[in-house]
Every structure is written in structure tokens, then in C-alpha cells.
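These notes concern the structure reproduced below.
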Amino acid sequence: MEISALYHRPDSEMAYLKTRDAFQIRLRTKHSDVKEVKLLYGDPYGNKVNEKDESTWEHDVILMKKTFETKYHDYWETEVKMPLNRLQYAFHLVGNDGEEILYDDRRVMPYTEENEGKLSCFRMPYLHEIDRVKTPEWVKKTVWYQIFPERFANGDKTNDPNGTLSWGSADPTATNFFGGDLNGILDHLDYLQDLGVNGLYLCPIFAATSNHKYDTVDYFEIDPAFGDKETLKELVDAAHERGMHVMLDAVFNHMGDFSMQWKDVQKYGENSRFAKWFHINKFPVSYDETENSEHAKNLTYEVFATTPHMPKLNTANEETAEYLLEIAQYWIKEFDIDAWRLDVANEIDHHFWKRFYAATHGLKSDFYILGEVWHSAQEWVEQEEFDAVMNYPFTESIALDFVKHETTAKEMVSMLSEHLMKYRDQTNEVMLNAMDTHDTARLLTLCHGNKKLQRQTLAFMFTQPGAPCVYYGTEVGLDGGFDPGCRKCMIWDEEKQDHEMFAFMQKLIKLRKDYADIWSKGKVEYRNVCDETNSLEVVRSFDGVELHCFFNMGEKALEAPCFGEVLLGQNLKDDKVEKDGFIIVKK
């Protein structure tokens with residue numbers, strides 16, 4: 001047995017209170033190395049003294065189940081209940097080579113009855129309900145729809161910026177405008193309700209100079225080109241009446257260089273009352289221009305990426321922090337928003353995010369905080385900072401096999417499984433899954449226009465844990481390359497819309513909502529994963545109901561290993577699933 005591959009960490013995603021009554025424990029071992037794992041568990045104070053005055057630990061034994069396999073590791077899981085809310089435990093492993101060991105908090109020993117009496121167990125001294133990671137239940141039943149406001153719909157031409165182009169008359173650039181606004185979203189709520197989505201995720205709407213609005217000038221004002229506060233209030237209220245939740249985008253990592261605060265720094269230097277609001281290394285603030293206006297050299301202050309127009313905020317400064325926390329609460333108090341999406345969230349200190357979580361959840365206990373983190377994010381979701389993050393590593397793993405064909409089915413499943421094991425179940429249930437966003441090329445373009453492949457990929461994403469997100473226009477065939485190409489104008493000309501795609505997305509979204517508990521909370525199993533045919537089966541089960549989903553990413557038609565009531569499918573012919581096909585059945 002490969003002892004060095006054993007890994008467990010108490011009070012983490014490997015040992016945590018999942019529900020009020022169930023404590024989940026995970027163990028990692030080397031792939032295909034261990035035949036059996038037993039959990040020895042009980043009360044730390046559950047000792048029994050015999051007639052010889054010898055103390056022995058009274059404990060129970062439960063067989064753990066191997067739930068996920070990756071290229072290098074296997075993961076074992078079980079759940080236990082502790083009536084007295086305290087727990088100690090150790091592992092008894094049997095290797096495929098016949099070796100038996102005990103693994104506890106301090107060492108690995110050969111398994112013997114005598115050694116079982118010498119255990120120094122992993123401890124969870126007391127299981128506090130208040131410490132349990134809790135995520136909003138409504139998110140588990142949400143299908144998000146991401147809107148880039150400037151390009152969704154122009155509902156009020158009177159607020160169009162100077163030089164606004166007619167809708168869709170040119171390719172998107174970093175500087176052109178088409179007049180999209182809040183009225184445009186409000187005008188199309190019936191359309192979105194018909195599509196079936198029940199969560200609206202809006203890119204920034206606050207006053208800024210750019211078309212993307214990630215260079216905030218005033219956090220307390222709606223950008224004039226988007227409308228006013230009355231329109232936003234009407235939009236949020238109308239969305240709520242339709243059972244939709246609303247998430248706004250906040251940029252607290254940096255400000256725009258046209259903001260009042262930064263202009264004051266430029267004018268007064270180190271004597272500015274806002275000098276400590278930013279990360280400034282030398283006064284006066286300056287930089288050397290390059291041919292690219294978004295890229296500067298020899299900056300004397302810190303910025304987002306290398307753009308001199310987005311000076312980085314110092315959230316460790318108390319005045320800055322108080323200002324941003326006031327903003328966070330203002331839009332909840334005055335407009336009843338349901339969630340914040342936080343831009344460049346991984347570049348802000350943890351201390352501030354803890355305060356941010358407390359401030360927002362103090363107003364709404366089921367408020368949702370979504371951080372933009374493009375990598376592993378345990379540090380933010382294991383504590384009260386974010387409820388979830390944008391699940392880019394997970395969805396990029398899907399694209400590597402389905403779309404780019406750079407990995408095999410087994411490699412993809414290995415990456416997906418490894419990623420799921422980084423987080424508690426309740427966190428996985430509310431991660432935001434998107435195959436494309438305003439920061440990536442659109443899925444249809446990545447699929448080289450193959451709409452069957454696009455539908456297959458989206459269907460697979462919808463079968464996974466987490467809340468799926470549809471980028472505006474996907475449902476009518478909108479394509480586009482990397483930024484700014486992915487920010488095209490929404491297609492409203494019905495003759496140019498892909499109605500087949502719209503009907504498919506309606507069915508997919510309905511399926512997700514009809515079986516929300518299974519998709520979000522249900523057990524996940526990857527079966528019949530075959531590299532030769534590049535195919536796999538996903539089985540999701542919850543409360544006695546099973547959904548079997550078979551996907552054929554290969555070239556040859558295959559028989560599906562699952563039978564039952566067909567809920568959704570594509571490229572099905574003569575009882576076989578053809579290339580780019582899939583079938584989802586209820587057993």
C-alpha cells in the first residue's frame with residue numbers, strides 16, 4: 001500500500017458538518033491501491049473501564065464507500081451522526097496487496113487489536129451548527145442568465161451615449177456603444193420567463209466611462225446610459241414577481257480613473273484625503289504610455305492587470321472598507337437585490353471579505369455571494385466569505401474533452417472528480433457553472449459553429465452539480481470570439497434567431513428545474529467511462545429517483561447503457577446514440 005498517498009484533514013472539506021445531523025468524512029488514497037476502508041468512530045469521552053481498571057474506547061465501525069476515482073487518487077466517503085455533537089475517528093485500511101493499517105491523527109501503524117487500543121484519533125471536539133457552511137437554498141434551484149447590459153436590448157433611446165450605433169450594425173469593440181440599458185431588460189422579462197430562467201446576473205450597471213462598466217466612477221449611481229434608480233427598482237420588483245432573483249456585479253478591487261477619489265489623488269498627491277484609499281508606491285502618480293492604452297509601464301501605483309485606468313483599492317484602509325461596505329448594503333436595502341457577483345475577488349484581502357459577508361447576510365440571511373476566482377478557491381468558501389465562485393476550472397475541464405478534444409473521457413472525469421472533492425457538498429451545490437461568459441469566447445464559436453456539439457456540451461453541464469448559467473444570446477445562436485467579440489448585440493430579429501436552439505434550451509432549463517433536487521443535491525456517479533469510444537454515463541440520484549445521462553463524444557454510434565423514460569436527447573437513431581448525441585432517462 002502506498003502510505004505516502006494517504007491524506008485526510010479534519011475540520012475541512014474532508015471532515016465537515018454537512019447538515020445539522022450528518023457529519024461527512026472523506027479519505028484520499030492512491031488510485032486502485034486500497035480494497036477496503038473502515039471508519040472507526042465514536043465519542044472522545046466514550047471510554048469503558050473493565051475489572052482490571054483498564055480503559056478502552058467504545059466506538060462504532062462503518063464501511064466507507066469509494067465515490068470518486070481520479071488518475072492518481074481514489075476518494076472514500078461516509079456520513080455519521082453524533083448525538084452528543086463531538087467526534088473522534090481513525091481509519092482502518094485494507095490494501096489490494098493484503099496489507100492492513102491504521103491511520104490516525106499522528107501516525108500510520110500495522111493493524112492489530114493491540115494497536116487499535118493505541119490510537120491517537122482525529123478529533124472534532126464539538127460540532128457547532130453555527131460553524132456549518134450554509135449556502136442559499138434558492139440558488140440550488142436557479143438557472144442563471146448572464147446579461148451584458150450594453151448589448152442586450154435598447155429600451156430607451158433617449159439615454160443613448162453620443163455616437164451610439166444602430167443595433168448590431170457593427171462588430172463589438174472595446175469602445176463602441178449600441179445603447180443597451182435597463183429598460184431593454186425590463187422590456188424582455190416576458191421573453192426570459194418564457195425561456196425559463198429564474199436568475200438574472202447583470203454585469204456592472206454603475207456609473208462608468210466604458211461600455212463594460214468595470215471602471216466604476218460612482219458606485220451609488222446607475223450609469224446614465226443605462227437608466228436610473230427608479231428603473232432598476234422596477235426591474236428588480238418585476239423580476240421578483242416572476243420568481244426571478246437578481247444578482248448585480250460589484251467591482252471593489254479597483255476604481256475607474258475618472259472617479260472623484262482618484263482625480264483628487266491626481267490633483268493633491270500625498271496630501272489627498274483619498275491617498276490611502278489606493279496602493280500608491282510613489283507620488284505623484286504617473287505611468288509611461290504604450291501603443292495599447294490598456295497597458296502601461298513604470299506605474300507608480302498598483303492597478304488591475306496593467307491598465308493605468310483602473311487603480312487598485314486598498315481595502316485594508318478603514319475608510320475605504322467602510323465606503324465599500326456601505327455600497328454593498330445600500331443596494332440591498334434600497335433595491336432588494338439578492339446577490340453580489342464580485343469582480344477580481346481573489347485580489348482582495350480575506351479580512352475585508354469576512355466583513356462583507358457579515359454586512360450583507362446581516363440584511364438577508366439567504367443572500368448569495370459569488371466570487372470571481374478562476375482557480376481553486378477553498379480559502380474563500382470554507383469560511384464566511386463567499387458562498388461560491390465562478391466554477392471556471394470545472395467547466396473548462398468539460399470543454400477540454402467535449403469541445404477541444406484535448407483530453408480523453410477518463411481524463412475529464414478525473415479532473416471533474418478532483419475538483420468536486422475540493423469543496424463541501426453544500427458549496428458544490430451553488431457553484432456557478434458557465435460554458436461561456438463576457439470574459440471568454442462564446443461556446444458556439446469554440447464549437448466551430450457545430451450546434452449539435454454546443455447542445456451536447458450544454459446538456460452535460462446541466463447534469464452536473466452547481467447552478468448552470470446561460471450567457472445571453474446562447475439560446476438564439478449568438479456566436480463570438482474572445483473579448484470584445486463575445487459581447488455582440490443580442491439577436492432580436494426573429495428571422496435571424498435560431499428557434500430550434502431556443503426550443504432546446506427551454507426543454508433543458510425545464511428539465512433542470514423539474515428535477516432541481518436531484519441535479520443540485522443528488523449523488524454523482526460517473527459510469528461506463530470509455531476512452532476507446534470517448535463516451536460516458538452520468539448517474540444522478542436523490543430520494544429514490546435516478547436520472548441516467550449518456551453522452552457520446554466519439555465518432556461511432558453507440559448503444560446507451562441506460563433505459564427508462566426518455567426526458568431529453570439528441571442524435572438518437574435505431575436505439576443508438578450517434579456522434580454529438582446524448583440521452584437522459586428517468587429510471
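Chain labels run A, B, ... following the order of the C-alpha cells; each chain numbers its residues from 1, and ligands are numbered from 1 in the order shown.
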
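Per DSSP on the backbone, strand (DSSP E) in range 314-431 of chain A comprises Ala339, Trp340, Arg341, Leu342, Tyr368, Ile369, Leu370, Gly371, Ala388 and Val389 of chain A.
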
Write the selection just made, keeping C-alpha atoms, as a PDB file, in the first residue's frame?
```
ATOM      1  CA  ALA A 339     -26.814  38.552  -4.729  1.00  0.00           C
ATOM      2  CA  TRP A 340     -23.467  40.173  -5.465  1.00  0.00           C
ATOM      3  CA  ARG A 341     -21.031  38.881  -8.060  1.00  0.00           C
ATOM      4  CA  LEU A 342     -17.585  40.159  -7.053  1.00  0.00           C
ATOM      5  CA  TYR A 368     -25.742  34.901  -2.256  1.00  0.00           C
ATOM      6  CA  ILE A 369     -22.124  35.982  -2.674  1.00  0.00           C
ATOM      7  CA  LEU A 370     -20.350  34.803  -5.811  1.00  0.00           C
ATOM      8  CA  GLY A 371     -16.649  35.495  -6.205  1.00  0.00           C
ATOM      9  CA  ALA A 388     -19.448  30.054  -4.179  1.00  0.00           C
ATOM     10  CA  VAL A 389     -17.214  31.102  -7.052  1.00  0.00           C
TER      11      VAL A 389
END
```

Pick out the residues sitting within 8 Å of Asp349 in chain A, and hand them over as a PyMOL selection string; count only C-alpha atoms, and ignore anything fewer than 4 positions along from it in its own chain. chain A and resi 315-316+353

Please produce an output containing all heavy atoms for each residue in the selection, written as a PDB file, in the first residue's frame.
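Final output, saved to out.pdb:
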```
ATOM      1  N   THR A 315      -8.315  47.915   0.414  1.00  0.00           N
ATOM      2  CA  THR A 315      -9.426  47.545   1.300  1.00  0.00           C
ATOM      3  C   THR A 315      -8.977  47.331   2.744  1.00  0.00           C
ATOM      4  O   THR A 315      -9.816  47.141   3.622  1.00  0.00           O
ATOM      5  CB  THR A 315     -10.115  46.270   0.780  1.00  0.00           C
ATOM      6  OG1 THR A 315      -9.123  45.280   0.477  1.00  0.00           O
ATOM      7  CG2 THR A 315     -10.915  46.563  -0.482  1.00  0.00           C
ATOM      8  N   ALA A 316      -7.674  47.363   2.997  1.00  0.00           N
ATOM      9  CA  ALA A 316      -7.191  47.294   4.381  1.00  0.00           C
ATOM     10  C   ALA A 316      -7.299  48.656   5.069  1.00  0.00           C
ATOM     11  O   ALA A 316      -7.210  48.748   6.300  1.00  0.00           O
ATOM     12  CB  ALA A 316      -5.747  46.808   4.419  1.00  0.00           C
ATOM     13  N   TRP A 353     -13.361  40.570   3.078  1.00  0.00           N
ATOM     14  CA  TRP A 353     -14.472  39.723   2.620  1.00  0.00           C
ATOM     15  C   TRP A 353     -15.262  39.143   3.792  1.00  0.00           C
ATOM     16  O   TRP A 353     -16.476  38.931   3.674  1.00  0.00           O
ATOM     17  CB  TRP A 353     -13.973  38.616   1.715  1.00  0.00           C
ATOM     18  CG  TRP A 353     -13.563  39.071   0.341  1.00  0.00           C
ATOM     19  CD1 TRP A 353     -12.454  38.710  -0.355  1.00  0.00           C
ATOM     20  CD2 TRP A 353     -14.296  39.963  -0.535  1.00  0.00           C
ATOM     21  NE1 TRP A 353     -12.429  39.316  -1.589  1.00  0.00           N
ATOM     22  CE2 TRP A 353     -13.551  40.089  -1.723  1.00  0.00           C
ATOM     23  CE3 TRP A 353     -15.496  40.665  -0.411  1.00  0.00           C
ATOM     24  CZ2 TRP A 353     -13.967  40.887  -2.793  1.00  0.00           C
ATOM     25  CZ3 TRP A 353     -15.909  41.466  -1.465  1.00  0.00           C
ATOM     26  CH2 TRP A 353     -15.159  41.573  -2.631  1.00  0.00           C
TER      27      TRP A 353
END
```

Looking at A:Thr135, A:Thr457, A:Thr437, A:Ser417, which one is nearest to Asp74 in chain A, with distances taken over only C-alpha atoms? A:Ser417

Hey, which of A:Lys140, A:His448, A:Lys488, A:Arg86 ends up closest to Pro172 in chain A? Count only C-alpha atoms. A:Lys488

Using backbone DSSP assignments, extract all alpha helix (DSSP H) residues from range 310-550 of chain A; output them as an MDAnalysis selection string. chainID A and resid 318:335 350:361 378:381 392:402 409:420 425:428 443:446 451:462 499:514 516:521

Find the residues of range 140-242 of chain A that sit at most 12 Å from range 426-432 of chain A; for each, write down the nearest two atoms and how far apart they are in Å, to one decimal. Count only C-alpha atoms. Sort by chain, then by number going up, and give it as a tab-separated table.
```
residue	atom	partner	partner_atom	distance
A:Lys140	CA	A:Val430	CA	5.7
A:Lys141	CA	A:Val430	CA	9.1
A:Thr142	CA	A:Val430	CA	8.9
A:Val143	CA	A:Leu432	CA	9.3
A:Trp144	CA	A:Leu432	CA	8.3
A:Tyr145	CA	A:Leu432	CA	10.9
A:Gln146	CA	A:Leu432	CA	10.9
A:Gly199	CA	A:Leu432	CA	11.4
A:Tyr201	CA	A:Leu432	CA	10.8
```

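The shortest atom-to-atom distance to Gly485 in chain A, with only C-alpha atoms taken into account, belongs to A:Arg151 out of A:Lys556, A:Lys35, A:Arg151, A:Lys333.
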
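Every protein or nucleic acid residue with an atom no more than 9 Å from Leu195 in chain A, counting only C-alpha atoms and leaving out same-chain residues fewer than 2 positions away, appears here: Asp190, Tyr191, Leu192, Gln193, Val197, Glu475, Phe502, Ala503, Met505, Gln506, Lys507, Ile509 and Lys510 of chain A.
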
Writer output for current selection, all heavy atoms, as an mmCIF file, in the first residue's frame:
```
data_model
loop_
_atom_site.group_PDB
_atom_site.id
_atom_site.type_symbol
_atom_site.label_atom_id
_atom_site.label_comp_id
_atom_site.auth_asym_id
_atom_site.auth_seq_id
_atom_site.Cartn_x
_atom_site.Cartn_y
_atom_site.Cartn_z
ATOM 1 N N ASP A 190 -40.673 39.071 -20.083
ATOM 2 C CA ASP A 190 -41.572 38.004 -20.530
ATOM 3 C C ASP A 190 -40.824 36.993 -21.392
ATOM 4 O O ASP A 190 -41.056 35.778 -21.301
ATOM 5 C CB ASP A 190 -42.748 38.592 -21.320
ATOM 6 C CG ASP A 190 -43.740 39.323 -20.419
ATOM 7 O OD1 ASP A 190 -43.700 39.110 -19.194
ATOM 8 O OD2 ASP A 190 -44.552 40.103 -20.959
ATOM 9 N N TYR A 191 -39.929 37.488 -22.211
ATOM 10 C CA TYR A 191 -39.098 36.605 -23.045
ATOM 11 C C TYR A 191 -38.248 35.685 -22.168
ATOM 12 O O TYR A 191 -38.165 34.473 -22.408
ATOM 13 C CB TYR A 191 -38.210 37.457 -23.955
ATOM 14 C CG TYR A 191 -37.068 36.709 -24.605
ATOM 15 C CD1 TYR A 191 -37.244 36.037 -25.816
ATOM 16 C CD2 TYR A 191 -35.803 36.677 -24.013
ATOM 17 C CE1 TYR A 191 -36.191 35.344 -26.414
ATOM 18 C CE2 TYR A 191 -34.745 35.996 -24.604
ATOM 19 C CZ TYR A 191 -34.949 35.336 -25.803
ATOM 20 O OH TYR A 191 -33.908 34.659 -26.390
ATOM 21 N N LEU A 192 -37.624 36.252 -21.142
ATOM 22 C CA LEU A 192 -36.766 35.463 -20.258
ATOM 23 C C LEU A 192 -37.584 34.466 -19.444
ATOM 24 O O LEU A 192 -37.135 33.337 -19.194
ATOM 25 C CB LEU A 192 -35.981 36.400 -19.336
ATOM 26 C CG LEU A 192 -34.990 37.330 -20.045
ATOM 27 C CD1 LEU A 192 -34.398 38.336 -19.067
ATOM 28 C CD2 LEU A 192 -33.882 36.523 -20.707
ATOM 29 N N GLN A 193 -38.779 34.874 -19.052
ATOM 30 C CA GLN A 193 -39.661 33.956 -18.333
ATOM 31 C C GLN A 193 -40.081 32.811 -19.243
ATOM 32 O O GLN A 193 -40.151 31.656 -18.803
ATOM 33 C CB GLN A 193 -40.876 34.701 -17.809
ATOM 34 C CG GLN A 193 -41.765 33.868 -16.889
ATOM 35 C CD GLN A 193 -42.859 34.701 -16.255
ATOM 36 O OE1 GLN A 193 -43.161 35.807 -16.696
ATOM 37 N NE2 GLN A 193 -43.468 34.174 -15.203
ATOM 38 N N VAL A 197 -35.512 30.811 -17.452
ATOM 39 C CA VAL A 197 -34.503 31.159 -16.451
ATOM 40 C C VAL A 197 -35.155 31.849 -15.258
ATOM 41 O O VAL A 197 -36.184 32.506 -15.390
ATOM 42 C CB VAL A 197 -33.413 32.066 -17.061
ATOM 43 C CG1 VAL A 197 -32.661 31.335 -18.155
ATOM 44 C CG2 VAL A 197 -34.006 33.362 -17.597
ATOM 45 N N GLU A 475 -29.165 31.076 -26.436
ATOM 46 C CA GLU A 475 -30.415 30.389 -26.766
ATOM 47 C C GLU A 475 -30.932 30.713 -28.164
ATOM 48 O O GLU A 475 -31.851 30.036 -28.654
ATOM 49 C CB GLU A 475 -31.477 30.725 -25.715
ATOM 50 C CG GLU A 475 -32.055 32.136 -25.806
ATOM 51 C CD GLU A 475 -31.200 33.231 -25.202
ATOM 52 O OE1 GLU A 475 -30.041 32.942 -24.790
ATOM 53 O OE2 GLU A 475 -31.675 34.385 -25.143
ATOM 54 N N PHE A 502 -33.520 27.720 -29.337
ATOM 55 C CA PHE A 502 -34.346 28.280 -28.265
ATOM 56 C C PHE A 502 -35.239 27.201 -27.667
ATOM 57 O O PHE A 502 -35.346 27.084 -26.432
ATOM 58 C CB PHE A 502 -35.201 29.427 -28.811
ATOM 59 C CG PHE A 502 -36.013 30.132 -27.754
ATOM 60 C CD1 PHE A 502 -35.469 31.178 -27.031
ATOM 61 C CD2 PHE A 502 -37.314 29.739 -27.462
ATOM 62 C CE1 PHE A 502 -36.208 31.830 -26.040
ATOM 63 C CE2 PHE A 502 -38.051 30.377 -26.481
ATOM 64 C CZ PHE A 502 -37.503 31.428 -25.768
ATOM 65 N N ALA A 503 -35.865 26.394 -28.518
ATOM 66 C CA ALA A 503 -36.742 25.332 -28.030
ATOM 67 C C ALA A 503 -35.957 24.306 -27.213
ATOM 68 O O ALA A 503 -36.436 23.801 -26.189
ATOM 69 C CB ALA A 503 -37.450 24.661 -29.202
ATOM 70 N N MET A 505 -33.169 24.899 -25.480
ATOM 71 C CA MET A 505 -32.810 25.493 -24.197
ATOM 72 C C MET A 505 -34.020 25.555 -23.269
ATOM 73 O O MET A 505 -33.874 25.361 -22.049
ATOM 74 C CB MET A 505 -32.223 26.889 -24.397
ATOM 75 C CG MET A 505 -30.861 26.896 -25.084
ATOM 76 S SD MET A 505 -29.608 25.899 -24.224
ATOM 77 C CE MET A 505 -29.513 26.727 -22.643
ATOM 78 N N GLN A 506 -35.186 25.795 -23.795
ATOM 79 C CA GLN A 506 -36.395 25.749 -22.977
ATOM 80 C C GLN A 506 -36.546 24.383 -22.309
ATOM 81 O O GLN A 506 -36.826 24.278 -21.113
ATOM 82 C CB GLN A 506 -37.633 26.038 -23.824
ATOM 83 C CG GLN A 506 -37.897 27.498 -24.109
ATOM 84 C CD GLN A 506 -39.176 27.682 -24.899
ATOM 85 O OE1 GLN A 506 -39.416 26.992 -25.907
ATOM 86 N NE2 GLN A 506 -40.022 28.600 -24.461
ATOM 87 N N LYS A 507 -36.376 23.325 -23.093
ATOM 88 C CA LYS A 507 -36.521 21.959 -22.564
ATOM 89 C C LYS A 507 -35.435 21.649 -21.541
ATOM 90 O O LYS A 507 -35.700 21.035 -20.497
ATOM 91 C CB LYS A 507 -36.466 20.954 -23.709
ATOM 92 C CG LYS A 507 -37.641 21.029 -24.668
ATOM 93 C CD LYS A 507 -37.457 20.057 -25.828
ATOM 94 C CE LYS A 507 -38.599 20.177 -26.832
ATOM 95 N NZ LYS A 507 -38.389 19.293 -28.018
ATOM 96 N N ILE A 509 -33.672 23.768 -19.672
ATOM 97 C CA ILE A 509 -33.899 24.544 -18.456
ATOM 98 C C ILE A 509 -35.065 23.974 -17.653
ATOM 99 O O ILE A 509 -34.996 23.875 -16.419
ATOM 100 C CB ILE A 509 -34.142 26.026 -18.812
ATOM 101 C CG1 ILE A 509 -32.855 26.642 -19.374
ATOM 102 C CG2 ILE A 509 -34.631 26.815 -17.599
ATOM 103 C CD1 ILE A 509 -33.047 27.992 -20.023
ATOM 104 N N LYS A 510 -36.133 23.582 -18.332
ATOM 105 C CA LYS A 510 -37.283 22.981 -17.649
ATOM 106 C C LYS A 510 -36.875 21.689 -16.954
ATOM 107 O O LYS A 510 -37.286 21.421 -15.813
ATOM 108 C CB LYS A 510 -38.416 22.716 -18.630
ATOM 109 C CG LYS A 510 -39.698 22.190 -17.972
ATOM 110 C CD LYS A 510 -40.813 22.008 -18.991
ATOM 111 C CE LYS A 510 -42.133 21.622 -18.315
ATOM 112 N NZ LYS A 510 -42.034 20.385 -17.517
#
```

Go ahead and compute the interatomic distance for CA of Thr533 in chain A and CA of Asp479 in chain A, in Å to one decimal. 29.1 Å

Which residues, written as a tab-separated table (two decimals) with N, CA and C atoms, in the first residue's frame, have at least one atom at most 10 Å from Ala560 in chain A, with only C-alpha atoms counted and residues fewer than 2 positions away on the same chain left out?
```tsv
chain	number	residue	atom	x	y	z
A	528	ASN	N	-19.27	3.79	-16.83
A	528	ASN	CA	-19.02	3.39	-18.22
A	528	ASN	C	-18.20	4.45	-18.97
A	535	SER	N	-16.88	8.10	-24.55
A	535	SER	CA	-18.26	8.20	-24.08
A	535	SER	C	-18.30	7.97	-22.58
A	536	LEU	N	-19.41	8.36	-21.96
A	536	LEU	CA	-19.57	8.12	-20.53
A	536	LEU	C	-21.03	8.26	-20.14
A	537	GLU	N	-21.32	7.74	-18.95
A	537	GLU	CA	-22.65	7.84	-18.37
A	537	GLU	C	-22.54	8.60	-17.05
A	548	HIS	N	-30.33	8.86	-15.53
A	548	HIS	CA	-29.14	8.34	-16.21
A	548	HIS	C	-28.91	9.15	-17.49
A	549	CYS	N	-27.68	9.64	-17.66
A	549	CYS	CA	-27.37	10.53	-18.77
A	549	CYS	C	-26.16	9.96	-19.52
A	550	PHE	N	-26.35	9.62	-20.78
A	550	PHE	CA	-25.27	9.03	-21.58
A	550	PHE	C	-24.86	10.00	-22.68
A	551	PHE	N	-23.54	10.20	-22.83
A	551	PHE	CA	-23.01	11.15	-23.79
A	551	PHE	C	-21.99	10.46	-24.70
A	552	ASN	N	-22.17	10.64	-26.00
A	552	ASN	CA	-21.25	10.08	-26.99
A	552	ASN	C	-20.44	11.21	-27.62
A	557	ALA	N	-21.64	5.47	-33.66
A	557	ALA	CA	-22.90	5.34	-32.93
A	557	ALA	C	-22.76	4.26	-31.87
A	558	LEU	N	-23.35	4.49	-30.68
A	558	LEU	CA	-23.21	3.57	-29.55
A	558	LEU	C	-24.55	3.27	-28.93
A	562	CYS	N	-28.25	2.73	-20.59
A	562	CYS	CA	-29.32	3.08	-19.67
A	562	CYS	C	-30.66	3.05	-20.39
A	563	PHE	N	-31.69	2.65	-19.63
A	563	PHE	CA	-33.03	2.53	-20.21
A	563	PHE	C	-34.04	3.14	-19.24
A	572	LEU	N	-30.43	10.57	-31.73
A	572	LEU	CA	-30.83	9.21	-31.39
A	572	LEU	C	-31.40	8.55	-32.63
A	575	ASP	N	-32.21	3.07	-31.82
A	575	ASP	CA	-31.82	2.69	-30.46
A	575	ASP	C	-30.34	2.95	-30.16
A	576	LYS	N	-29.72	3.82	-30.92
A	576	LYS	CA	-28.33	4.15	-30.68
A	576	LYS	C	-28.15	5.67	-30.56
A	577	VAL	N	-27.06	6.04	-29.88
A	577	VAL	CA	-26.71	7.45	-29.71
A	577	VAL	C	-25.56	7.74	-30.65
A	578	GLU	N	-25.80	8.63	-31.61
A	578	GLU	CA	-24.77	8.92	-32.60
A	578	GLU	C	-23.81	10.01	-32.11
A	582	PHE	N	-26.73	12.55	-27.12
A	582	PHE	CA	-26.87	12.23	-25.70
A	582	PHE	C	-28.30	11.79	-25.45
A	583	ILE	N	-28.50	11.13	-24.32
A	583	ILE	CA	-29.84	10.74	-23.90
A	583	ILE	C	-29.92	10.82	-22.38
A	584	ILE	N	-30.99	11.40	-21.87
A	584	ILE	CA	-31.22	11.50	-20.43
A	584	ILE	C	-32.52	10.77	-20.12
```

Which neighbours of range 60-72 of chain A fall inside 6 Å, counting only C-alpha atoms, when residues of the same chain fewer than 2 positions from it are skipped, and could you give them as a list in words? His31, Val37, Lys38, Leu39, Leu40, Tyr41, Asp74, Tyr75, Trp76, Glu77, Thr78, Ser414 and Ser417 of chain A

Residue neighbourhood range 212-214 of chain A, 10 Å, only C-alpha atoms, exclusion window fewer than 5 positions, as a list in words: Phe148, Pro149, Glu150, Arg151, Ala174, Thr175, Phe177, Cys203, Pro204, Ile205, Phe206, Ala207, Asp223, Asp249, Ala250, Val251, Phe252, His254, Met255, Gly256, Met310, Asp343, His438, Pro484 and Arg487 of chain A

So that I can check the surroundings of Ala459 in chain A, please list as a count of residues only every protein, DNA and RNA residue that reaches within 9 Å of it, counting only C-alpha atoms and ignoring chain neighbours fewer than 4 positions away. 5

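Candidate residues A:Tyr287, A:Trp374, A:Trp57, A:Phe542 were compared for distance to Glu347 in chain A, and the nearest is A:Trp374, using only C-alpha atoms.
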
Residues of range 394-503 of chain A within 10 Å of range 12-28 of chain A: nearest atom pair and distance (Å, one decimal) for each, counting only C-alpha atoms, sorted by chain and number, as JSON lines?
```
{"residue": "A:Met421", "atom": "CA", "partner": "A:Glu13", "partner_atom": "CA", "distance": 7.5}
{"residue": "A:Lys422", "atom": "CA", "partner": "A:Glu13", "partner_atom": "CA", "distance": 6.5}
{"residue": "A:Tyr423", "atom": "CA", "partner": "A:Glu13", "partner_atom": "CA", "distance": 5.3}
{"residue": "A:Arg424", "atom": "CA", "partner": "A:Glu13", "partner_atom": "CA", "distance": 4.9}
{"residue": "A:Asp425", "atom": "CA", "partner": "A:Lys18", "partner_atom": "CA", "distance": 7.2}
{"residue": "A:Gln426", "atom": "CA", "partner": "A:Lys18", "partner_atom": "CA", "distance": 7.0}
{"residue": "A:Thr427", "atom": "CA", "partner": "A:Glu13", "partner_atom": "CA", "distance": 9.6}
```

Hey, can you spit out that residue selection with N, CA, C and O atoms as a CSV table (one decimal), in the first residue's frame?
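Output (out.csv):
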```csv
chain,number,residue,atom,x,y,z
A,421,MET,N,-14.0,17.2,-5.1
A,421,MET,CA,-13.5,16.9,-3.8
A,421,MET,C,-12.8,18.0,-3.1
A,421,MET,O,-12.3,17.9,-2.0
A,422,LYS,N,-12.7,19.1,-3.8
A,422,LYS,CA,-12.0,20.3,-3.2
A,422,LYS,C,-13.0,21.1,-2.3
A,422,LYS,O,-12.5,21.9,-1.5
A,423,TYR,N,-14.3,20.8,-2.4
A,423,TYR,CA,-15.3,21.6,-1.7
A,423,TYR,C,-16.3,20.7,-1.0
A,423,TYR,O,-16.5,19.6,-1.3
A,424,ARG,N,-16.9,21.3,0.0
A,424,ARG,CA,-18.0,20.7,0.7
A,424,ARG,C,-19.2,20.5,-0.3
A,424,ARG,O,-19.3,21.3,-1.2
A,425,ASP,N,-20.0,19.5,0.0
A,425,ASP,CA,-21.2,19.3,-0.9
A,425,ASP,C,-22.0,20.6,-1.0
A,425,ASP,O,-22.5,20.9,-2.1
A,426,GLN,N,-22.3,21.2,0.1
A,426,GLN,CA,-23.2,22.4,0.1
A,426,GLN,C,-22.6,23.5,-0.7
A,426,GLN,O,-23.3,24.4,-1.3
A,427,THR,N,-21.3,23.6,-0.9
A,427,THR,CA,-20.6,24.6,-1.7
A,427,THR,C,-20.8,24.2,-3.2
A,427,THR,O,-21.1,25.0,-4.0
```

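Closest approach to Asn281 in chain A among A:Ile491, A:Lys263, A:Pro311, A:His92: A:Pro311, based on only C-alpha atoms.
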
Among the residues A:Glu79, A:Arg107, A:Glu494, A:Leu325, the one that comes closest to Tyr7 in chain A [using only C-alpha atoms]: A:Arg107

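From CA of Asn198 in chain A back to CA of Leu186 in chain A, the distance works out to 14.2 Å.
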